[in-house]
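This report refers to the structure that appears directly beneath it.
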There are 2 protein chains.
Amino acid sequence: MSTTIAELDAHAAAAEAAAPAWRAASAGSRAAWLRAAADALDAHADELVPLADAETRLGESRLRGEVARTSGQLRLFAGVVEEGSYLEAIVDDADAGVTPPRPELRRMLTGVGPVAVFSASNFPFAFSVAGGDTASALAAGNPVIVKAHSGHLGLSRRTAEIVAAALVGAGAPDGSLSLVEGREAGEALVRHPSIQAVGFTGSVSGGRALHDLAAGRPDPIPFYGELGSVNPVVLTPGAIAARGAALAEGLVGSFTLGVGQFCTKPGVVFVPREAGFAELVAPLVARVSGGPLLTDRITAAFPEGLAHLEADPSVEVVARGGSGGAEAATPTVLATDAAAVAARPDTLLEECFGPVTLLVRYDGPADLLAALRAAPGSLTATLHSEAGEEVTGIVAVLERRAGRVLFAGWPTGVAVSWSQHHGGPWPATTSLHTSVGATAVRRFLRPVVFQDAPTELLPGVLRDDALAAIPHRRNGVLRVPALSR
Amino acid sequence: MSTTIAELDAHAAAAEAAAPAWRAASAGSRAAWLRAAADALDAHADELVPLADAETRLGESRLRGEVARTSGQLRLFAGVVEEGSYLEAIVDDADAGVTPPRPELRRMLTGVGPVAVFSASNFPFAFSVAGGDTASALAAGNPVIVKAHSGHLGLSRRTAEIVAAALVGAGAPDGSLSLVEGREAGEALVRHPSIQAVGFTGSVSGGRALHDLAAGRPDPIPFYGELGSVNPVVLTPGAIAARGAALAEGLVGSFTLGVGQFCTKPGVVFVPREAGFAELVAPLVARVSGGPLLTDRITAAFPEGLAHLEADPSVEVVARGGSGGAEAATPTVLATDAAAVAARPDTLLEECFGPVTLLVRYDGPADLLAALRAAPGSLTATLHSEAGEEVTGIVAVLERRAGRVLFAGWPTGVAVSWSQHHGGPWPATTSLHTSVGATAVRRFLRPVVFQDAPTELLPGVLRDDALAAIPHRRNGVLRVPALSR
């Protein structure tokens, strides 16, 4: 059931009407609203998890964990709001002694206004109606209109009801959170004059289309898209010699996690040609059964993506897992050469959503670096090496190709924390900001500076007494309140 | 003489080659490079100012002041680099006690790579080859390729020579700063695969075209444009009653400053209908002579813009100043009504570059607010009121329409400081970042996070000993070094 344009207009008008209250809300109020949403999610987990499982087939234990991750994320942002650094408050006092005399300037960040959030298929809680984009937009002081993913409409509707009611129940205004459905409503949402920014998690093709709509508006707005990522992994000869079996086990666990539908799935693994890594991986894969994919579209696209890769003359099949049933995706490991990757990165390094990874054999540092430099931007890049190996050149390339560089770990698993960065060069994301972690709020904030304002006309947080309670900069000096946590 | 594509490719290759050294440079080195550029500008002021005056006709005293502003800006950014907060360093230590166990994450911002800067006609130093965009891009650790403005090509070439030599002389790599000329080279620059971000100051039409090129790339890049701004000013009945003559004098000084070619020129002034403000302004304007505009294009466009405004049936001429010569632009004050502005904002509130301002008579708060809400985004908005007047509704609208809200001052004059924000909703700027002030560096930085990295593979600034010397967050707590300035 698609949302009509008239219904969208009504949601947008309600969001516009709610925006001033969100911006003006005290840190305590806004944090309480976020925590009320978190508590409501947790309280309804027994109802929501079965709904989610019926629509996504991701399984109860994974989905229960995801609810906890999602409510925890809302609570992290409540803490970010209370801590106050996100306001980036900066004061320069007037200085009549310079030429020309300097006025008093008081700067802060404030909410951009209503935000559109496009939810993802693969995380029906954590990147969906009440997921990271929504949580960070609300924390920044903005109402949100979510475009529901067609893969879990029932869950989306119920989650939106629960969270919207919890927000209003805690004192937030009507219009704080609403839901639209259908592709046309989604496109109209991006073009809607009330919408000031867009958060998106999904495919490169879908994201590109919406990015172009946002950029093509009479008044362009920021589009924060997380699109596609192959998440390269580099294994050195030393690492395989020291712990090849463990690495093979770790890789198989990571690329098949969630049936290979994590945005941080290790999709391409660079291995020394003579190290015998494929031989370690093959028997492990053969023991893993396939599973159902999230949606009919993804189910249809997976064999097409595999066929596309296997059609390259350089590609061979290393191993396939058990079938797992008629509609299940079979875990698959392919192999090719670094020279082929460097020559045809668009073919060989395109993300293939599902349980497949591509081993890339390299013949030495130059061969490896040439292929890595040809790789598209990714969310993550991983290096497994041993102390004493010369890897600084590899790290330098990985740091340019990805937003998160891992050492001795696997990329599936994104801690929600102050420091996290979930983003990377195109096509991983479309912006210089993260979509996970405390700093995700910066996407939905704009600066405003008040020059020589009378105290009574300043926003509350920019008055001297309120400033003293939050980290802020004054005349170039960063000040942190003594009791700051 | 236009730059050829082959020449552009050579500049881009040199910038790419220089980028790693800029990113890796210590704070001390990078700050020294910026200060060397500042010192070189100051040392060559006697040569550069006459060059600038011959091309822009802005006059020696203004241009000398602008050189000082520009070198001071470079020195401010040197201080920003040394202070270290701009790195946004955040560390979350590993925690084996949570489920799943949390890895160690160390986040920082790092340079995006080569940046393109389009210089402006109206500030041949401060928004040009070595202006704010260049200074902030270099401070962020990125080489810069400047597209010279055709209005001051000779100055641009000489400035680029001087600054590039100063950078290299101080130890920066070749390729740190270069110059391209011509429209085609500028467009090719925005599309060039080596370029990772664009800074632009200029017209709405020119900026929109380049914005669309940047957004339309196979890999879209951020386009930070400062385009057009009418900078609304609101005068209350109380303010005019208390200090009408001073306000009239302030307005005339501000809208004719630099022959009305400041991006923060007060282009529209809301006045109570019965306050007699036009009568205060008219005699002052009549005493001001016109002056030459910056370029032939601007000289031709000014009378066209005036005619466009005067063609509106609601518009009348309040006063014109002296002619000032054959090619000079005559200072002009026009008047209309708030209802006309609310009905036809696209006609009446379009920026007209040059010495003209439009008085808008309003009949009370509702009339005023309706017109203000119709105004396009601006860099600044100004309120002159008296204590005791109810203006919170006005301030709430101004804060949404502009990035800087002034009280009892005039918008021409943009302090370069930690707190400054020079930006605003479309069409004032195309991003949620400032182009003036310390935080302008954020436009040219991307986050990167290192997970469980061995100390020896971390960037120097993320190692514990280096972190202790800069503001950073650890496990959620913001820490400031004791000796931080």
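Labeling convention for the structure tokens: chains A, B, ... as they appear, residues from 1 per chain, ligands from 1 in order of appearance.
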
Excluding Ala170 (chain B) and its own-chain neighbours fewer than 3 positions away, which residues fall within 12 Å of it when counting only C-alpha atoms? Please give them as a ChimeraX atom specification.
/B:28-40,163-167,173-174,176

Please report as a CSV table (one decimal) with N, CA and C atoms, in the first residue's frame which residues of chain A come no farther than 6 Å from chain B, using only C-alpha atoms.
chain,number,residue,atom,x,y,z
A,90,ILE,N,31.3,27.5,20.3
A,90,ILE,CA,32.5,28.3,20.2
A,90,ILE,C,32.1,29.8,20.4
A,91,VAL,N,32.8,30.4,21.4
A,91,VAL,CA,32.6,31.8,21.6
A,91,VAL,C,33.9,32.6,21.4
A,107,ARG,N,28.9,30.6,18.4
A,107,ARG,CA,28.5,29.7,17.4
A,107,ARG,C,28.0,28.4,18.0
A,219,ASP,N,16.8,23.4,-4.6
A,219,ASP,CA,17.7,23.7,-3.4
A,219,ASP,C,18.3,22.3,-3.0
A,403,GLY,N,37.2,3.5,5.2
A,403,GLY,CA,37.1,4.3,6.3
A,403,GLY,C,37.5,3.7,7.6
A,404,ARG,N,37.5,2.3,7.6
A,404,ARG,CA,38.0,1.6,8.8
A,404,ARG,C,39.0,0.6,8.4
A,405,VAL,N,40.2,0.6,9.1
A,405,VAL,CA,41.3,-0.3,8.7
A,405,VAL,C,41.4,-1.2,9.9
A,406,LEU,N,41.3,-2.5,9.7
A,406,LEU,CA,41.3,-3.5,10.8
A,406,LEU,C,42.6,-4.3,10.7
A,407,PHE,N,43.1,-4.6,11.9
A,407,PHE,CA,44.3,-5.4,12.0
A,407,PHE,C,43.9,-6.7,12.8
A,419,SER,N,33.9,6.4,18.8
A,419,SER,CA,35.0,6.5,17.8
A,419,SER,C,34.7,5.9,16.5
A,421,HIS,N,33.8,4.8,12.9
A,421,HIS,CA,33.5,5.4,11.6
A,421,HIS,C,33.1,4.3,10.6
A,426,TRP,N,33.6,6.8,-2.2
A,426,TRP,CA,32.6,6.2,-3.1
A,426,TRP,C,33.1,4.9,-3.7
A,432,LEU,N,31.5,12.7,3.7
A,432,LEU,CA,32.6,12.6,4.6
A,432,LEU,C,32.3,12.4,6.0
A,446,ARG,N,23.5,22.0,11.3
A,446,ARG,CA,24.1,23.1,10.6
A,446,ARG,C,24.6,24.2,11.6
A,448,VAL,N,25.2,27.9,13.2
A,448,VAL,CA,24.6,29.2,13.2
A,448,VAL,C,25.4,30.0,14.3
A,449,VAL,N,25.7,31.3,13.9
A,449,VAL,CA,26.5,32.1,14.8
A,449,VAL,C,25.7,33.4,15.1
A,450,PHE,N,25.8,33.8,16.4
A,450,PHE,CA,25.0,35.0,16.8
A,450,PHE,C,26.1,36.0,17.1
A,451,GLN,N,25.9,37.2,16.5
A,451,GLN,CA,26.9,38.3,16.6
A,451,GLN,C,26.3,39.4,17.5
A,452,ASP,N,27.0,39.6,18.6
A,452,ASP,CA,26.6,40.7,19.5
A,452,ASP,C,25.1,40.6,20.0
A,453,ALA,N,24.7,39.3,20.2
A,453,ALA,CA,23.3,39.1,20.6
A,453,ALA,C,23.1,39.5,22.1
A,477,VAL,N,40.4,28.7,23.3
A,477,VAL,CA,40.8,27.7,24.3
A,477,VAL,C,39.6,26.7,24.5
A,485,ARG,N,31.6,13.8,32.2
A,485,ARG,CA,31.8,12.3,32.3
A,485,ARG,C,33.0,11.9,31.4

So, counting only C-alpha atoms, which residue among A:Arg62, A:Arg361, A:Arg344, A:His192 is closest to Ala126 (chain A)?
A:Arg62

In region 68-307 of chain B, what's alpha helix (DSSP H) per DSSP? Answer as JSON, numbers by chain?
{"B": [68, 69, 70, 71, 72, 73, 74, 75, 76, 77, 78, 79, 80, 81, 82, 83, 132, 133, 134, 135, 136, 137, 138, 139, 153, 154, 155, 156, 157, 158, 159, 160, 161, 162, 163, 164, 165, 166, 167, 168, 169, 183, 184, 185, 186, 187, 188, 189, 190, 191, 204, 205, 206, 207, 208, 209, 210, 211, 212, 213, 214, 215, 216, 237, 238, 239, 240, 241, 242, 243, 244, 245, 246, 247, 248, 249, 250, 251, 252, 253, 254, 255, 256, 277, 278, 279, 280, 281, 282, 283, 284, 285, 286, 296, 297, 298, 299, 300, 301, 302, 303, 304, 305, 306, 307]}

Please identify all polymer residues within 8 Å of Leu348 (chain B), counting only C-alpha atoms, omitting same-chain residues fewer than 3 positions from it, and present them as a ChimeraX atom specification.
/B:309,312,341,344-345

Generate the output file for the selected residues, N, CA and C atoms, as a CSV table (one decimal), in the first residue's frame.
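Final output, result.csv:
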chain,number,residue,atom,x,y,z
B,309,LEU,N,14.6,44.8,-11.0
B,309,LEU,CA,13.9,45.2,-9.8
B,309,LEU,C,12.9,46.3,-10.1
B,312,ASP,N,9.3,45.8,-11.5
B,312,ASP,CA,8.2,45.3,-10.6
B,312,ASP,C,7.3,46.4,-10.3
B,341,VAL,N,6.9,41.4,-1.6
B,341,VAL,CA,8.0,40.5,-1.4
B,341,VAL,C,7.5,39.0,-1.1
B,344,ARG,N,6.3,37.7,-4.5
B,344,ARG,CA,7.2,37.5,-5.6
B,344,ARG,C,8.7,37.5,-5.1
B,345,PRO,N,9.0,36.6,-4.2
B,345,PRO,CA,10.3,36.6,-3.6
B,345,PRO,C,11.4,36.3,-4.7

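Using only C-alpha atoms, the smallest distance between any of B:Gly321, B:Gly169, B:Gly154, B:Gly182 and Ile5 (chain B) comes from B:Gly182.
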